[in-house]
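K.L.:
So that you have it, the file is coords-v2.txt, and it contains compact mmCIF, C-alpha atoms:
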# COMPACT_ATOMS: atom_id res chain seq x y z
CA MET A 1 -161.36 36.55 -39.83
CA PHE A 2 -164.79 36.98 -41.42
CA GLU A 3 -164.80 33.40 -42.70
CA ARG A 4 -164.07 32.14 -39.19
CA THR A 5 -166.89 34.29 -37.80
CA ARG A 6 -169.19 33.01 -40.52
CA LYS A 7 -168.33 29.43 -39.63
CA GLN A 8 -168.96 30.13 -35.95
CA LEU A 9 -172.36 31.64 -36.78
CA THR A 10 -173.11 28.65 -39.00
CA ILE A 11 -172.26 26.25 -36.19
CA PHE A 12 -174.35 28.25 -33.72
CA PHE A 13 -177.49 28.61 -35.87
CA GLY A 14 -177.02 25.16 -37.40
CA SER A 15 -176.87 23.64 -33.92
CA ILE A 16 -180.09 25.38 -32.92
CA LEU A 17 -181.90 24.25 -36.07
CA GLY A 18 -180.43 20.77 -35.70
CA VAL A 19 -181.65 20.44 -32.12
CA VAL A 20 -185.13 21.64 -33.15
CA ILE A 21 -185.28 19.17 -36.07
CA ILE A 22 -184.06 16.27 -33.92
CA LEU A 23 -186.54 17.11 -31.13
CA ILE A 24 -189.46 17.33 -33.59
CA THR A 25 -188.43 14.06 -35.26
CA ALA A 26 -188.01 12.28 -31.92
CA PHE A 27 -191.37 13.62 -30.70
CA PHE A 28 -193.13 12.43 -33.86
CA TYR A 29 -191.53 8.98 -33.62
CA LEU A 30 -192.35 8.57 -29.93
CA LEU A 31 -195.92 9.74 -30.58
CA LEU A 32 -196.30 7.17 -33.36
CA GLN A 33 -194.73 4.45 -31.22
CA LYS A 34 -197.05 5.19 -28.29
CA SER A 35 -200.05 5.20 -30.63
CA LEU A 36 -199.16 1.80 -32.08
CA GLN A 37 -198.50 0.37 -28.62
CA HIS A 38 -201.85 1.68 -27.45
CA ASN A 39 -203.57 0.00 -30.41
CA GLU A 40 -201.75 -3.26 -29.64
CA ILE A 41 -202.90 -3.21 -26.01
CA GLN A 42 -206.42 -2.35 -27.16
CA LYS A 43 -206.38 -5.31 -29.53
CA LEU A 44 -205.18 -7.55 -26.70
CA ASP A 45 -208.02 -6.29 -24.50
CA ASP A 46 -210.50 -6.97 -27.30
CA LEU A 47 -209.22 -10.56 -27.49
CA LYS A 48 -209.67 -10.93 -23.72
CA ASN A 49 -213.22 -9.62 -23.97
CA LYS A 50 -214.04 -12.00 -26.82
CA MET A 51 -212.70 -14.95 -24.84
CA ALA A 52 -214.64 -13.90 -21.75
CA GLN A 53 -217.84 -13.46 -23.76
CA GLN A 54 -217.37 -16.87 -25.40
CA TRP A 55 -217.03 -18.47 -21.97
CA GLU A 56 -220.07 -16.67 -20.59
CA HIS A 57 -222.06 -17.70 -23.67
CA ARG A 58 -221.13 -21.35 -23.05
CA ILE A 59 -222.23 -21.05 -19.42
CA GLU A 60 -225.60 -19.57 -20.50
CA GLU A 61 -226.16 -22.38 -23.01
CA GLN A 62 -225.45 -24.93 -20.29
CA ALA A 63 -227.82 -23.19 -17.86
CA LYS A 64 -230.62 -23.14 -20.44
CA GLY A 65 -229.96 -26.75 -21.34
CA ILE A 66 -229.26 -25.94 -24.91
CA ARG A 67 -226.11 -28.06 -24.86
CA PRO A 68 -223.95 -29.48 -22.11
CA MET A 69 -220.62 -27.94 -21.23
CA ASP A 70 -218.03 -29.60 -23.39
CA ARG A 71 -214.50 -28.27 -23.34
CA LYS A 72 -213.25 -30.81 -25.83
CA ASN A 73 -214.65 -29.12 -28.88
CA VAL A 74 -214.29 -25.37 -28.54
CA GLU A 75 -215.40 -23.14 -31.38
CA TRP A 76 -212.68 -20.59 -32.25
CA ILE A 77 -214.57 -18.75 -34.95
CA PHE A 78 -214.39 -15.52 -32.92
CA LEU A 79 -210.62 -15.38 -33.39
CA LEU A 80 -208.99 -13.37 -36.17
CA SER A 81 -206.27 -14.86 -38.36
CA ASP A 82 -203.48 -13.17 -36.39
CA GLU A 83 -204.80 -14.28 -32.98
CA LEU A 84 -204.17 -17.58 -31.18
CA ILE A 85 -205.05 -19.02 -27.75
CA VAL A 86 -204.04 -21.96 -25.58
CA TRP A 87 -206.74 -22.69 -22.95
CA VAL A 88 -206.15 -24.93 -19.90
CA SER A 89 -209.31 -25.89 -18.02
CA PRO A 90 -209.47 -26.53 -14.23
CA ASP A 91 -209.24 -30.28 -14.93
CA GLN A 92 -205.95 -29.63 -16.79
CA LYS A 93 -207.36 -30.28 -20.25
CA THR A 94 -205.72 -28.19 -22.94
CA GLN A 95 -207.35 -26.67 -26.02
CA ILE A 96 -205.31 -24.97 -28.78
CA SER A 97 -206.85 -22.66 -31.35
CA PRO A 98 -206.07 -23.56 -34.97
CA SER A 99 -203.38 -21.30 -36.39
CA HIS A 100 -200.63 -21.18 -38.96
CA TYR A 101 -198.32 -19.78 -36.25
CA THR A 102 -196.91 -23.20 -35.36
CA ALA A 103 -193.88 -22.03 -33.40
CA MET A 104 -195.93 -19.52 -31.39
CA SER A 105 -198.62 -22.14 -30.62
CA ASN A 106 -195.94 -24.50 -29.32
CA GLN A 107 -194.47 -21.72 -27.21
CA LEU A 108 -197.88 -20.88 -25.71
CA LEU A 109 -198.40 -24.55 -24.97
CA ASN A 110 -194.99 -24.69 -23.31
CA TRP A 111 -195.84 -21.72 -21.08
CA SER A 112 -199.20 -23.22 -20.18
CA GLN A 113 -197.61 -26.53 -19.16
CA ARG A 114 -195.20 -24.65 -16.88
CA TYR A 115 -198.02 -22.39 -15.74
CA GLU A 116 -195.85 -19.38 -16.60
CA MET A 117 -198.14 -16.35 -16.35
CA LYS A 118 -197.60 -13.23 -18.49
CA ARG A 119 -198.30 -9.59 -17.75
CA GLU A 120 -201.86 -8.41 -18.24
CA ASN A 121 -200.81 -5.64 -20.67
CA GLY A 122 -198.73 -8.11 -22.62
CA GLU A 123 -195.10 -8.95 -23.17
CA ARG A 124 -193.24 -8.78 -26.47
CA PHE A 125 -191.90 -12.07 -27.77
CA TYR A 126 -189.76 -12.53 -30.88
CA MET A 127 -189.64 -15.67 -32.99
CA ASP A 128 -187.96 -16.72 -36.23
CA GLU A 129 -190.24 -18.93 -38.27
CA SER A 130 -189.69 -19.89 -41.90
CA GLU A 131 -186.78 -17.45 -42.15
CA LYS A 132 -189.10 -14.64 -41.16
CA LYS A 133 -188.81 -12.78 -37.90
CA GLN A 134 -192.15 -12.37 -36.18
CA THR A 135 -193.16 -10.34 -33.13
CA PHE A 136 -196.03 -11.24 -30.82
CA LEU A 137 -197.71 -9.56 -27.89
CA VAL A 138 -198.35 -12.30 -25.31
CA SER A 139 -200.53 -12.24 -22.20
CA SER A 140 -202.38 -14.65 -19.91
CA GLN A 141 -205.73 -14.38 -18.16
CA ILE A 142 -207.91 -16.30 -15.68
CA LEU A 143 -211.51 -16.97 -16.71
CA ASN A 144 -214.32 -16.31 -14.26
CA ASP A 145 -216.56 -19.06 -12.87
CA ALA A 146 -213.76 -21.65 -12.76
CA GLY A 147 -213.13 -21.40 -16.43
CA GLY A 148 -209.43 -22.05 -16.09
CA VAL A 149 -206.50 -20.11 -17.50
CA TYR A 150 -205.64 -19.21 -21.07
CA TRP A 151 -202.56 -17.81 -22.84
CA MET A 152 -203.08 -15.60 -25.87
CA ALA A 153 -200.88 -13.99 -28.52
CA ILE A 154 -201.45 -11.49 -31.29
CA ASP A 155 -199.15 -10.91 -34.24
CA ILE A 156 -197.72 -7.37 -34.18
CA SER A 157 -194.99 -7.95 -36.79
CA SER A 158 -196.60 -5.44 -39.16
CA ASN A 159 -196.40 -2.73 -36.48
CA GLU A 160 -192.74 -3.51 -35.84
CA ALA A 161 -192.02 -3.38 -39.57
CA LEU A 162 -193.90 -0.09 -39.83
CA LEU A 163 -191.84 1.37 -36.97
CA ARG A 164 -188.60 0.24 -38.59
CA THR A 165 -189.63 1.81 -41.89
CA ILE A 166 -190.71 5.05 -40.21
CA ARG A 167 -187.48 5.10 -38.20
CA LEU A 168 -185.38 4.73 -41.35
CA ILE A 169 -187.40 7.41 -43.17
CA LEU A 170 -187.09 9.78 -40.22
CA MET A 171 -183.34 9.20 -39.96
CA LEU A 172 -182.83 9.90 -43.65
CA SER A 173 -185.16 12.90 -43.48
CA THR A 174 -183.27 14.21 -40.45
CA VAL A 175 -179.94 13.93 -42.27
CA VAL A 176 -181.36 15.75 -45.31
CA LEU A 177 -183.01 18.45 -43.17
CA LEU A 178 -179.83 18.91 -41.12
CA SER A 179 -177.83 19.34 -44.33
CA ILE A 180 -180.34 21.90 -45.58
CA ALA A 181 -180.34 23.64 -42.19
CA ILE A 182 -176.53 23.86 -42.16
CA TRP A 183 -176.50 25.21 -45.70
CA LEU A 184 -179.19 27.78 -44.87
CA ALA A 185 -177.32 28.76 -41.70
CA TYR A 186 -174.12 29.24 -43.73
CA PHE A 187 -175.99 31.20 -46.42
CA PHE A 188 -177.76 33.56 -44.04
CA ALA A 189 -174.62 33.95 -41.92
CA GLY A 190 -172.92 35.19 -45.08
CA LYS A 191 -175.80 37.59 -45.72
CA ALA A 192 -175.56 38.85 -42.14
CA MET A 193 -171.81 39.42 -42.55
CA VAL A 194 -172.23 41.70 -45.60
CA PRO A 195 -172.97 44.96 -43.69
CA ILE A 196 -170.32 44.04 -41.12
CA LYS A 197 -167.74 43.55 -43.87
CA LYS A 198 -168.66 46.90 -45.42
CA SER A 199 -168.44 48.67 -42.08
CA TYR A 200 -165.16 46.97 -41.28
CA ALA A 201 -163.74 47.86 -44.70
CA ARG A 202 -164.69 51.52 -44.18
CA GLN A 203 -163.08 51.43 -40.73
CA VAL A 204 -159.85 49.93 -42.11
CA GLU A 205 -159.85 52.47 -44.95
CA PHE A 206 -160.36 55.33 -42.52
CA THR A 207 -157.62 54.07 -40.20
CA THR A 208 -155.19 53.66 -43.10
CA ASN A 209 -155.96 57.09 -44.57
CA ALA A 210 -155.89 58.79 -41.18
CA SER A 211 -152.58 57.16 -40.32
CA HIS A 212 -151.08 58.25 -43.63
CA GLU A 213 -152.40 61.79 -43.23
CA LEU A 214 -151.14 62.06 -39.64
CA ARG A 215 -147.62 60.93 -40.50
CA THR A 216 -146.81 64.12 -42.43
CA PRO A 217 -147.78 66.71 -39.78
CA LEU A 218 -146.23 64.55 -37.07
CA SER A 219 -143.01 64.38 -39.03
CA VAL A 220 -143.04 68.17 -39.38
CA ILE A 221 -143.72 68.62 -35.67
CA HIS A 222 -140.97 66.13 -34.80
CA SER A 223 -138.49 67.93 -37.05
CA SER A 224 -139.44 71.27 -35.50
CA VAL A 225 -139.00 69.88 -32.00
CA GLU A 226 -135.58 68.52 -32.94
CA LEU A 227 -134.61 71.99 -34.23
CA LEU A 228 -135.78 73.56 -30.99
CA GLU A 229 -133.80 70.89 -29.13
CA GLU A 230 -130.60 72.34 -30.60
CA CYS A 231 -131.19 75.68 -28.87
CA LYS A 232 -132.72 74.17 -25.76
CA ASP A 233 -130.03 75.61 -23.47
CA THR A 234 -131.01 79.18 -24.42
CA LEU A 235 -134.61 78.65 -23.30
CA PRO A 236 -135.90 79.28 -19.79
CA GLU A 237 -136.30 76.25 -17.52
CA PHE A 238 -140.09 76.15 -17.88
CA GLU A 239 -139.90 76.18 -21.69
CA GLN A 240 -137.26 73.44 -21.57
CA HIS A 241 -139.66 71.30 -19.53
CA ILE A 242 -142.43 71.95 -22.05
CA LEU A 243 -140.08 71.06 -24.92
CA ASP A 244 -139.15 67.75 -23.29
CA SER A 245 -142.81 66.89 -22.75
CA LEU A 246 -143.64 67.87 -26.31
CA GLN A 247 -140.87 65.68 -27.67
CA ASP A 248 -142.04 62.68 -25.64
CA GLU A 249 -145.64 63.10 -26.77
CA VAL A 250 -144.66 63.51 -30.43
CA LYS A 251 -142.60 60.31 -30.27
CA ARG A 252 -145.51 58.56 -28.61
CA MET A 253 -147.90 59.76 -31.34
CA ILE A 254 -145.52 58.61 -34.06
CA ARG A 255 -145.34 55.14 -32.50
CA LEU A 256 -149.12 55.03 -32.18
CA VAL A 257 -149.67 56.07 -35.81
CA GLU A 258 -147.12 53.51 -37.02
CA SER A 259 -148.86 50.80 -34.98
CA LEU A 260 -152.29 51.77 -36.36
CA LEU A 261 -150.92 51.76 -39.89
CA THR A 262 -149.39 48.33 -39.40
CA LEU A 263 -152.67 46.92 -38.07
CA ALA A 264 -154.68 48.57 -40.84
CA ARG A 265 -152.41 47.10 -43.51
CA SER A 266 -152.63 43.71 -41.84
CA ASP A 267 -156.44 43.88 -41.75
CA SER A 268 -156.71 44.95 -45.37
CA LYS A 269 -154.12 42.36 -46.46
CA SER A 270 -152.40 45.13 -48.40
CA LEU A 271 -149.06 44.59 -46.70
CA PRO A 272 -147.12 42.04 -48.78
CA ILE A 273 -145.30 39.49 -46.64
CA LYS A 274 -142.17 37.93 -48.08
CA MET A 275 -141.46 34.63 -46.38
CA ASP A 276 -137.91 33.35 -46.24
CA LYS A 277 -135.56 31.29 -44.09
CA VAL A 278 -134.97 33.15 -40.84
CA ASN A 279 -132.32 32.27 -38.28
CA LEU A 280 -134.19 32.64 -35.01
CA VAL A 281 -131.02 32.48 -32.90
CA GLN A 282 -129.40 35.21 -34.98
CA VAL A 283 -132.52 37.36 -34.54
CA SER A 284 -132.38 36.74 -30.79
CA HIS A 285 -128.73 37.90 -30.61
CA HIS A 286 -129.48 40.96 -32.74
CA MET A 287 -132.52 42.03 -30.69
CA TYR A 288 -130.60 41.35 -27.46
CA GLN A 289 -127.98 43.88 -28.53
CA ALA A 290 -130.59 46.36 -29.77
CA ILE A 291 -132.64 46.32 -26.55
CA GLN A 292 -129.63 46.23 -24.18
CA PRO A 293 -129.31 50.05 -23.88
CA LEU A 294 -132.98 50.33 -22.88
CA ALA A 295 -132.52 47.66 -20.21
CA LEU A 296 -129.35 49.31 -18.85
CA ALA A 297 -131.06 52.71 -18.72
CA LYS A 298 -133.75 51.21 -16.49
CA GLY A 299 -131.36 49.15 -14.39
CA ILE A 300 -132.64 45.78 -15.60
CA ILE A 301 -130.47 42.72 -16.17
CA LEU A 302 -130.93 41.35 -19.69
CA LYS A 303 -129.78 37.76 -20.33
CA LEU A 304 -129.62 35.65 -23.49
CA ASP A 305 -129.55 31.86 -23.43
CA ALA A 306 -129.15 30.72 -27.04
CA PRO A 307 -126.73 28.42 -28.90
CA VAL A 308 -123.84 29.97 -30.76
CA ILE A 309 -123.59 27.19 -33.36
CA GLU A 310 -126.37 27.13 -35.94
CA HIS A 311 -128.25 23.94 -36.77
CA GLU A 312 -131.36 23.11 -38.77
CA LEU A 313 -133.77 23.71 -35.88
CA THR A 314 -132.59 27.30 -35.41
CA PHE A 315 -134.24 28.24 -38.71
CA ILE A 316 -137.91 29.07 -39.25
CA HIS A 317 -139.97 30.02 -42.29
CA GLY A 318 -141.03 33.63 -41.88
CA ASN A 319 -140.52 37.32 -42.52
CA LEU A 320 -137.33 38.69 -40.96
CA ASP A 321 -138.67 42.19 -40.26
CA GLN A 322 -141.85 40.88 -38.66
CA ILE A 323 -139.96 38.38 -36.49
CA LYS A 324 -137.70 41.18 -35.29
CA GLN A 325 -140.74 43.34 -34.57
CA LEU A 326 -142.35 40.47 -32.67
CA VAL A 327 -139.30 39.91 -30.45
CA TYR A 328 -138.89 43.65 -29.92
CA ILE A 329 -142.52 44.06 -28.81
CA LEU A 330 -142.24 41.25 -26.26
CA LEU A 331 -138.86 42.48 -24.96
CA ASP A 332 -140.07 46.08 -24.79
CA ASN A 333 -143.14 44.98 -22.79
CA ALA A 334 -141.02 42.84 -20.47
CA ILE A 335 -138.63 45.72 -19.73
CA LYS A 336 -141.46 48.23 -19.49
CA TYR A 337 -143.31 46.28 -16.78
CA THR A 338 -140.24 45.06 -14.85
CA PRO A 339 -139.09 47.29 -11.99
CA PRO A 340 -135.41 48.40 -11.71
CA GLY A 341 -133.18 45.61 -10.48
CA GLY A 342 -135.32 42.96 -12.18
CA GLN A 343 -134.31 40.53 -14.88
CA VAL A 344 -135.46 39.73 -18.42
CA THR A 345 -134.27 36.50 -20.06
CA ILE A 346 -134.35 35.44 -23.71
CA THR A 347 -134.12 31.66 -24.12
CA PHE A 348 -133.98 29.60 -27.30
CA LEU A 349 -134.86 25.90 -27.10
CA THR A 350 -136.46 23.10 -29.08
CA SER A 351 -139.81 21.59 -28.05
CA GLN A 352 -140.41 17.85 -27.75
CA ASP A 353 -141.96 17.71 -31.24
CA GLY A 354 -138.98 19.53 -32.80
CA ARG A 355 -140.38 23.07 -32.98
CA PRO A 356 -138.04 26.06 -32.52
CA THR A 357 -139.20 27.79 -29.35
CA LEU A 358 -138.41 31.24 -28.02
CA GLN A 359 -139.09 32.14 -24.39
CA ILE A 360 -139.09 35.66 -23.00
CA ALA A 361 -139.34 35.71 -19.21
CA ASP A 362 -139.33 38.62 -16.81
CA THR A 363 -139.52 39.23 -13.06
CA GLY A 364 -141.99 42.07 -13.43
CA ILE A 365 -145.37 42.92 -11.99
CA GLY A 366 -147.12 39.99 -13.69
CA ILE A 367 -150.59 39.72 -15.22
CA PRO A 368 -153.76 38.77 -13.29
CA LYS A 369 -155.17 35.39 -14.36
CA GLU A 370 -158.53 36.89 -15.29
CA GLU A 371 -156.78 39.30 -17.68
CA LEU A 372 -154.61 36.78 -19.56
CA ALA A 373 -157.27 35.94 -22.13
CA ARG A 374 -157.58 39.59 -23.22
CA ILE A 375 -154.00 40.86 -23.39
CA PHE A 376 -153.86 40.40 -27.19
CA GLU A 377 -156.96 42.51 -27.79
CA ARG A 378 -156.47 45.88 -29.43
CA PHE A 379 -156.23 48.90 -27.11
CA TYR A 380 -156.59 46.60 -24.10
CA ARG A 381 -154.34 47.42 -21.15
CA VAL A 382 -154.28 45.57 -17.85
CA ASP A 383 -153.22 48.61 -15.79
CA LYS A 384 -154.49 51.57 -17.81
CA ALA A 385 -152.97 54.25 -15.57
CA ARG A 386 -149.55 52.59 -15.54
CA SER A 387 -149.70 51.94 -19.30
CA ARG A 388 -150.35 55.61 -20.03
CA GLU A 389 -147.54 56.57 -17.68
CA LEU A 390 -145.17 54.28 -19.58
CA GLY A 391 -146.42 55.41 -22.99
CA GLY A 392 -148.38 52.25 -23.88
CA ALA A 393 -151.34 52.36 -26.22
CA GLY A 394 -152.43 48.73 -25.99
CA LEU A 395 -151.47 47.87 -29.61
CA GLY A 396 -148.12 46.10 -29.22
CA LEU A 397 -149.44 42.67 -28.33
CA SER A 398 -152.20 43.02 -30.97
CA ILE A 399 -149.51 43.48 -33.62
CA ALA A 400 -147.63 40.53 -32.12
CA ALA A 401 -150.78 38.39 -32.38
CA ASP A 402 -151.17 39.28 -36.09
CA ILE A 403 -147.53 38.39 -36.73
CA LEU A 404 -147.95 35.07 -34.93
CA ASN A 405 -151.08 34.33 -36.95
CA SER A 406 -149.37 35.07 -40.28
CA HIS A 407 -146.53 32.71 -39.29
CA SER A 408 -148.80 29.91 -37.96
CA ALA A 409 -146.95 30.22 -34.66
CA TYR A 410 -148.37 29.37 -31.23
CA ILE A 411 -147.88 31.45 -28.09
CA HIS A 412 -148.46 30.35 -24.52
CA VAL A 413 -148.47 32.88 -21.69
CA THR A 414 -148.08 32.10 -18.00
CA SER A 415 -147.93 34.79 -15.36
CA GLU A 416 -148.19 35.35 -11.65
CA GLU A 417 -148.81 38.72 -10.08
CA GLY A 418 -145.73 40.13 -8.38
CA LYS A 419 -143.46 37.39 -9.75
CA GLY A 420 -143.36 37.95 -13.50
CA SER A 421 -144.51 36.54 -16.82
CA LEU A 422 -143.33 34.00 -19.38
CA PHE A 423 -144.14 34.29 -23.10
CA GLU A 424 -143.36 31.05 -24.96
CA ILE A 425 -143.59 31.02 -28.77
CA GLU A 426 -143.45 27.85 -30.86
CA PHE A 427 -142.61 28.34 -34.57
CA GLN A 428 -142.90 26.06 -37.55
CA PRO A 429 -139.42 24.65 -38.30
CA GLU A 430 -137.64 25.27 -41.57
CA ARG A 431 -135.63 22.17 -42.45
CA ILE A 432 -132.45 23.07 -44.27
CA SER A 433 -129.01 21.58 -44.77
CA VAL A 434 -126.18 23.48 -43.14
Kindly present the structure from the file in C-alpha cells form.
P.N.:
Amino acid sequence: MFERTRKQLTIFFGSILGVVIILITAFFYLLLQKSLQHNEIQKLDDLKNKMAQQWEHRIEEQAKGIRPMDRKNVEWIFLLSDELIVWVSPDQKTQISPSHYTAMSNQLLNWSQRYEMKRENGERFYMDESEKKQTFLVSSQILNDAGGVYWMAIDISSNEALLRTIRLILMLSTVVLLSIAIWLAYFFAGKAMVPIKKSYARQVEFTTNASHELRTPLSVIHSSVELLEECKDTLPEFEQHILDSLQDEVKRMIRLVESLLTLARSDSKSLPIKMDKVNLVQVSHHMYQAIQPLALAKGIILKLDAPVIEHELTFIHGNLDQIKQLVYILLDNAIKYTPPGGQVTITFLTSQDGRPTLQIADTGIGIPKEELARIFERFYRVDKARSRELGGAGLGLSIAADILNSHSAYIHVTSEEGKGSLFEIEFQPERISV
C-alpha cells in the first residue's frame, strides 16, 4: 500500500518537475533559435545595405565624371567570403560575384533568369555540395535609380549546425535531468512517507491491541447474557426486552471486533495466509447451505446455479477460509439489503479468457451510481441509517476487498437503484488434472 502511494507521489512530483524542465529547455532553445534567426536577418540586411551603397557610390562617380558607368566589371570586394550575389541590370546583363559556392551561384543564376523573386526577409534553401549539406538564406532586392534586380545568399550552415548540436545537448540534458528529477521525487516521497508509516503502524498496533483486549470482556458479557437467557421466562416483560436488545448489541460488538482484528492483521501482514487448491463450486454449495436459513428467515429466495461435476476450471489458488468469508460477506450483504420476497442468486461460470467467475446477484434496493466507487472503503455505508438498523458497520466489503487483493482477483460491480446489484468476481485459475 505504501509503496503504491510512494509511486503515485513519485509520478505526481516527477511529472511536475518534468514539465518544468521541458518548458525551461524548450524556452531556452526557442530563445536561441530566435536570436540566431535575428542575426541571420540582420546579416542579410547588412548585405542589402552594402549593395545599395556600392550602387550609389557608382552613381556618384559617374556624376562627378570620375569614371563612366560600367556594369561589366563590378568590384565585389565589399562581399564577405560567405556572401554571394547575382545582379541583373535593366538591360538584362548579368554579373555574378566570385564564390566557391558553385552550386548556390548556379541556383541564384537560375532564379534570376526566371525572374523568381524571393522574400525580403529571406528564404531558407538547402543544398548538398561536395557531400556536405549547406544551408543558405536567400533574398532578392530591386536597386534604386534603375539599378536592376539582384539575388543574394548568405551561408548559414554554421548556425544550423550549432542549433543541431544545441538541440542534441538539450535533449540529452533533459533526459539526464528527468532521471535525476524522478529519482529525487522517489527519494523525497519515501522521506515524506516515513511519518505516515509510523502513524499508520501505531494505528494498526492500537487497533490490534484494542481488538484483543475487547474480545475478553465481550466474551464474558456474551456468556453472562446466555446464562440470563436460560431464565428469561422468569423475568418481567420489560427486562426480557432489555435482555434481547443486550444480546443483539453484544453479538454486533463481537462481529465488529472480529472484523477490526481481521483488518488489523491484514494491514500488519501478521496473518499468515496458506494458499492451496480450492474448489470454488464446492465452496459455493457449502455457503449456499450455510446461508439458506438466514434467507428463509427473511423470506428471500436463494438460488444456486453451479455445475455438479468438477473440472479443472472449478479450482482456484487461494485460502479456503478466506474464500468462504468472501462469499459469506457478499451473500450476507445481498440478503441484508434485499426486501422480503426478493431473490439472491449464486452463479458459477467461466469467463472468455478461462477465469473461474462467481456472480452474486440480488433484487434488492441497489446502489446509487455515485456511491459505487466508495463501497469498498472502510466504515463507508451508502444508507447509514438503514445500515445501523440492520447491524452493519461498513467493514464487510473492506474485508472482501483485502481478500480479493491477496488472491489477485478482480471484482466488477453493477447496480441500479430499486432493481438490485450484481457482484462479479474473476479468480486466477488453478490448472490441475482430475
K.L.:
From the list A:Glu40, A:Asp128, A:Glu416, A:Asp353, which residue is nearest Glu370 (chain A) when using only C-alpha atoms?
P.N.:
A:Glu416
K.L.:
Take CA of Glu249 (chain A) and CA of Leu227 (chain A) and report the distance between them in Å, one decimal.
P.N.:
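That distance, rounded to one decimal, is 16.0 Å.
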K.L.:
Which of these, A:Leu294, A:Lys277, A:Thr338, A:Leu47, has the shortest distance to Phe315 (chain A) once you count only C-alpha atoms?
P.N.:
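Closest to Phe315 (chain A), using only C-alpha atoms: A:Lys277.
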K.L.:
CA of Glu61 (chain A) and CA of Gln42 (chain A), how far apart in Å?
P.N.:
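Spanning CA of Gln42 (chain A) to CA of Glu61 (chain A) is a straight-line distance of 28.4 Å.
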K.L.:
Centre and edge lengths, as lines of an AutoDock Vina configuration file, for the axis-aligned box enclosing every listed atom of region 11-24 of chain A with 8 Å of padding on each of the six sides, in Å to one decimal?
P.N.:
center_x = -180.9
center_y = 22.4
center_z = -34.3
size_x = 33.2
size_y = 28.3
size_z = 22.3
K.L.:
Find the residue from A:Ala295, A:Ala181, A:Leu302, A:Leu313 that sits nearest to Leu17 (chain A); use only C-alpha atoms when measuring.
P.N.:
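Counting only C-alpha atoms, the residue closest to Leu17 (chain A) is A:Ala181.
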K.L.:
Counting all atoms listed in the file, give me one row per residue of region 112-186 of chain A with an atom at most 10 Å from an atom of region 75-98 of chain A, showing the shortest contact pair and its distance in Å to one decimal, sorted by chain then residue number, as a tab-separated table.
P.N.:
residue	atom	partner	partner_atom	distance
A:Ser112	CA	A:Val88	CA	7.2
A:Gln113	CA	A:Val88	CA	8.7
A:Tyr115	CA	A:Val88	CA	9.5
A:Phe136	CA	A:Asp82	CA	9.5
A:Leu137	CA	A:Glu83	CA	9.9
A:Val138	CA	A:Ile85	CA	9.8
A:Ser139	CA	A:Ile85	CA	9.9
A:Ser140	CA	A:Ile85	CA	9.4
A:Gln141	CA	A:Trp87	CA	9.6
A:Ile142	CA	A:Trp87	CA	9.7
A:Leu143	CA	A:Ser89	CA	9.3
A:Ala146	CA	A:Pro90	CA	6.7
A:Gly147	CA	A:Ser89	CA	6.1
A:Gly148	CA	A:Ser89	CA	4.3
A:Val149	CA	A:Val88	CA	5.4
A:Tyr150	CA	A:Trp87	CA	4.1
A:Trp151	CA	A:Val86	CA	5.2
A:Met152	CA	A:Ile85	CA	4.4
A:Ala153	CA	A:Leu84	CA	5.5
A:Ile154	CA	A:Glu83	CA	4.7
A:Asp155	CA	A:Asp82	CA	5.3
A:Ile156	CA	A:Asp82	CA	8.5
A:Ser157	CA	A:Asp82	CA	10.0
K.L.:
Quote the spacing between CA of Arg164 (chain A) and CA of Tyr29 (chain A) in Å to one decimal place.
P.N.:
10.5 Å
K.L.:
Would you kindly return, as a list in words, each protein, DNA or RNA residue with an atom no farther than 7 Å from any atom of Val225 (chain A), considering all atoms listed in the file and excluding same-chain residues fewer than 4 positions away?
P.N.:
Ile221, Glu229 and Gln247 of chain A
K.L.:
So that I can see what lies close to Leu243 (chain A), please list as a list in words the residues with an atom at most 12 Å from it, counting only C-alpha atoms and leaving out residues fewer than 3 positions away in the same chain.
P.N.:
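Counting only C-alpha atoms, the residues come to Ile221, His222, Ser224, Val225, Glu226, Leu227, Leu228, Glu229, Glu230, Cys231, Lys232, Asp233, Leu235, Pro236, Glu237, Phe238, Glu239, Gln240, Leu246, Gln247, Asp248, Glu249 and Val250 of chain A.
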K.L.:
Quick one: everything within 12 Å of Glu424 (chain A), counting all atoms listed in the file, minus sequence neighbours fewer than 3 positions away in the same chain. Send it as a list in words.
P.N.:
Val327, Leu330, Thr345, Ile346, Thr347, Phe348, Leu349, Thr350, Ser351, Arg355, Pro356, Thr357, Leu358, Gln359, Ile360, Ala361, Asp362, Leu404, Ala409, Tyr410, Ile411, His412, Val413, Thr414, Ser415, Ser421 and Phe427 of chain A
K.L.:
Restricting the calculation to only C-alpha atoms, which member of A:Pro293, A:Ile301, A:Met193, A:Ser398 is positioned closest to Gln8 (chain A)?
P.N.:
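Smallest distance to Gln8 (chain A) is found for A:Met193.
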K.L.:
Pull N, CA and C atoms for region 357-363 of chain A from the block and write them as a PDB file, in the first residue's frame.
P.N.:
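As a result, result.pdb now contains:
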ATOM      1  N   THR A 357     -15.333 -17.674 -12.535  1.00  0.00           N
ATOM      2  CA  THR A 357     -16.069 -16.458 -12.185  1.00  0.00           C
ATOM      3  C   THR A 357     -17.261 -16.803 -11.314  1.00  0.00           C
ATOM      4  N   LEU A 358     -17.432 -16.019 -10.267  1.00  0.00           N
ATOM      5  CA  LEU A 358     -18.560 -16.204  -9.354  1.00  0.00           C
ATOM      6  C   LEU A 358     -19.390 -14.933  -9.360  1.00  0.00           C
ATOM      7  N   GLN A 359     -20.680 -15.085  -9.601  1.00  0.00           N
ATOM      8  CA  GLN A 359     -21.603 -13.950  -9.620  1.00  0.00           C
ATOM      9  C   GLN A 359     -22.595 -14.091  -8.482  1.00  0.00           C
ATOM     10  N   ILE A 360     -22.797 -13.003  -7.767  1.00  0.00           N
ATOM     11  CA  ILE A 360     -23.814 -12.944  -6.717  1.00  0.00           C
ATOM     12  C   ILE A 360     -24.729 -11.780  -7.051  1.00  0.00           C
ATOM     13  N   ALA A 361     -25.972 -12.113  -7.425  1.00  0.00           N
ATOM     14  CA  ALA A 361     -26.934 -11.105  -7.857  1.00  0.00           C
ATOM     15  C   ALA A 361     -28.103 -11.074  -6.888  1.00  0.00           C
ATOM     16  N   ASP A 362     -28.655  -9.893  -6.703  1.00  0.00           N
ATOM     17  CA  ASP A 362     -29.832  -9.756  -5.845  1.00  0.00           C
ATOM     18  C   ASP A 362     -30.826  -8.813  -6.484  1.00  0.00           C
ATOM     19  N   THR A 363     -32.046  -8.827  -5.961  1.00  0.00           N
ATOM     20  CA  THR A 363     -33.112  -7.924  -6.437  1.00  0.00           C
ATOM     21  C   THR A 363     -33.430  -6.910  -5.359  1.00  0.00           C
TER      22      THR A 363
END
